[in-house]
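Participant: Here it is: the structure, laid out below.
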Amino acid sequence: MATFKPDGFLQQLQADPQQSVKIIIRTKTDPKAHTDRVAAMGLMVTHTTSLVKSIAANGPASAVMALASEDWIESIEPDQEVRTM
């Protein structure tokens with residue numbers, strides 16, 4: 001089962017399963033092999049990266065929680081803006 005990062009993210013999803021969220025899915029294998037599955041779960045894939053093996057997607061929290069049972073997923077975390085100092 002995939003882990004949710006940071007602590008409390010899963011509880012945030014459970015609190016409002018209909019909310020729209022942006023996520024990063026860290027995969028154990030080539031992320032491009034899993035984009036169809038992510039889309040079939042009701043999420044919109046926005047891009048993939050092979051260097052970090054991840055898929056960026058957005059959609060309902062309920063679909064994000066359903067993804068957690070997929071064995072090819074390492075972790076799921078919110079997609080947040082990153083800034084340099």
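Residue numbering restarts at 1 in every chain; chains get A, B, ... in the order shown in the structure tokens, and ligands count up from 1 in that same order.
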Find the residues near region 73-84 of chain A: any atom within 6 Å, counting only C-alpha atoms, skip ones fewer than 3 places away on the same chain, and give them as a compact mmCIF listing (two decimals) with N, CA and C atoms, in the first residue's frame.

Facilitator:
# COMPACT_ATOMS: atom_id res chain seq x y z
N ALA A 2 0.50 2.23 -0.77
CA ALA A 2 1.24 3.48 -0.87
C ALA A 2 1.15 4.25 0.44
N THR A 3 2.17 5.03 0.71
CA THR A 3 2.13 5.91 1.87
C THR A 3 1.71 7.31 1.43
N PHE A 4 1.08 8.02 2.33
CA PHE A 4 0.68 9.40 2.08
C PHE A 4 1.63 10.30 2.85
N LYS A 5 2.18 11.28 2.17
CA LYS A 5 3.10 12.23 2.80
C LYS A 5 2.57 13.63 2.55
N LYS A 22 -4.39 18.47 -6.13
CA LYS A 22 -3.26 18.26 -7.02
C LYS A 22 -2.27 17.40 -6.28
N ILE A 23 -1.79 16.33 -6.95
CA ILE A 23 -0.91 15.39 -6.27
C ILE A 23 0.31 15.02 -7.12
N ILE A 24 1.30 14.49 -6.43
CA ILE A 24 2.45 13.86 -7.04
C ILE A 24 2.43 12.40 -6.61
N ILE A 25 2.45 11.51 -7.58
CA ILE A 25 2.47 10.08 -7.31
C ILE A 25 3.88 9.59 -7.60
N ARG A 26 4.58 9.14 -6.59
CA ARG A 26 5.93 8.58 -6.77
C ARG A 26 5.76 7.10 -7.10
N THR A 27 6.34 6.69 -8.22
CA THR A 27 6.16 5.31 -8.69
C THR A 27 7.43 4.48 -8.47
N LYS A 28 7.25 3.17 -8.41
CA LYS A 28 8.37 2.25 -8.25
C LYS A 28 9.01 1.93 -9.59
N GLU A 70 -2.75 0.48 -5.21
CA GLU A 70 -1.97 0.05 -6.37
C GLU A 70 -0.54 -0.28 -5.93

Participant: Apply DSSP to the structure's backbone, then extract all residues of chain A labelled alpha helix (DSSP H) and return them as a ChimeraX atom specification.

Facilitator: /A:9-15,35-40,61-67

Participant: Using only C-alpha atoms, pick whichever of A:Met85, A:Ser20, A:Phe9, A:Ile55 has the shortest atom-to-atom distance to Ala39 (chain A).

Facilitator: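 Of the candidates, the smallest distance to Ala39 (chain A) is held by A:Ile55.
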
Participant: A:Thr29, A:His34, A:Asp16, A:Ala68: which is nearest Leu51 (chain A), counting only C-alpha atoms?

Facilitator: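 That would be A:Thr29, the residue with the smallest distance to Leu51 (chain A).
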
Participant: From the options A:Ala40, A:Ala15, A:Ala33, A:Val52, which residue's atoms come nearest to Ala66 (chain A), counting only C-alpha atoms?

Facilitator: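 Among the listed residues, the smallest separation from Ala66 (chain A) belongs to A:Ala40.
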
Participant: Leaving out Thr46 (chain A) and any residue of its chain fewer than 3 positions from it, which residues lie within 9 Å of it when counting only C-alpha atoms, given as a ChimeraX atom specification?

Facilitator: /A:55-58

Participant: Could you save those same residues with N, CA and C atoms as a PDB file, in the first residue's frame?

Facilitator:
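Contents of the output file part_4.pdb:
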ATOM      1  N   ILE A  55       4.345  10.990 -11.262  1.00  0.00           N
ATOM      2  CA  ILE A  55       3.233  11.443 -12.086  1.00  0.00           C
ATOM      3  C   ILE A  55       2.558  12.583 -11.337  1.00  0.00           C
ATOM      4  N   ALA A  56       2.351  13.687 -12.026  1.00  0.00           N
ATOM      5  CA  ALA A  56       1.576  14.790 -11.454  1.00  0.00           C
ATOM      6  C   ALA A  56       0.161  14.658 -11.992  1.00  0.00           C
ATOM      7  N   ALA A  57      -0.808  14.784 -11.108  1.00  0.00           N
ATOM      8  CA  ALA A  57      -2.207  14.631 -11.511  1.00  0.00           C
ATOM      9  C   ALA A  57      -3.094  15.471 -10.610  1.00  0.00           C
ATOM     10  N   ASN A  58      -4.346  15.629 -11.032  1.00  0.00           N
ATOM     11  CA  ASN A  58      -5.316  16.303 -10.167  1.00  0.00           C
ATOM     12  C   ASN A  58      -6.682  15.683 -10.378  1.00  0.00           C
TER      13      ASN A  58
END

Participant: May I ask for the distance between CA of Gln18 (chain A) and CA of Arg37 (chain A), given in Å to one decimal place?

Facilitator: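 Atom-to-atom, CA of Gln18 (chain A) to CA of Arg37 (chain A), that is 19.8 Å.
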
Participant: Using only C-alpha atoms, which residues sit within 8 Å of Leu13 (chain A) once same-chain residues fewer than 5 positions away are excluded, as a ChimeraX atom specification?

Facilitator: /A:19,61-62,65

Participant: Name the closest residue to Asp71 (chain A) among the candidates A:Gly8, A:Pro17, A:Met1, A:Gly59; distances are taken between atoms, counting only C-alpha atoms.

Facilitator: A:Met1

Participant: Which polymer residues have any atom within 10 Å of an atom of Lys32 (chain A), counting only C-alpha atoms, with same-chain residues fewer than 4 positions away left out, as a list in words?

Facilitator: Thr27, Asp36, His47, Thr48, Thr49, Ser50, Lys53, Ser54 and Ile55 of chain A

Participant: For the residues in the current selection, export C-alpha atoms as a CSV table (one decimal), in the first residue's frame.

Facilitator:
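Final file, part.csv:
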chain,number,residue,atom,x,y,z
A,27,THR,CA,6.2,5.3,-8.7
A,36,ASP,CA,-3.6,5.2,-18.3
A,47,HIS,CA,2.9,15.4,-16.6
A,48,THR,CA,5.4,12.7,-15.8
A,49,THR,CA,9.0,12.8,-14.8
A,50,SER,CA,11.4,9.8,-15.3
A,53,LYS,CA,9.7,8.5,-11.3
A,54,SER,CA,6.6,10.5,-10.7
A,55,ILE,CA,3.2,11.4,-12.1

Participant: Could you name the residues that touch Met41 (chain A) at 9 Å or less, counting only C-alpha atoms, but leaving out those on the same chain fewer than 6 positions away, as a CSV table (one decimal) with N, CA and C atoms, in the first residue's frame?

Facilitator:
chain,number,residue,atom,x,y,z
A,63,ALA,N,-10.7,9.6,-5.5
A,63,ALA,CA,-9.9,8.8,-6.5
A,63,ALA,C,-8.4,8.7,-6.1
A,64,VAL,N,-7.9,9.7,-5.4
A,64,VAL,CA,-6.6,9.7,-4.9
A,64,VAL,C,-6.5,8.6,-3.8
A,66,ALA,N,-8.3,5.9,-3.6
A,66,ALA,CA,-8.4,4.6,-4.2
A,66,ALA,C,-7.1,4.2,-4.8
A,67,LEU,N,-6.3,5.1,-5.3
A,67,LEU,CA,-5.0,4.7,-5.8
A,67,LEU,C,-4.0,4.1,-4.9

Participant: Pick out the closest residue to Pro60 (chain A) from this set: A:Val45, A:Pro6, A:Val21, A:Gln11. Count only C-alpha atoms.

Facilitator: A:Val21
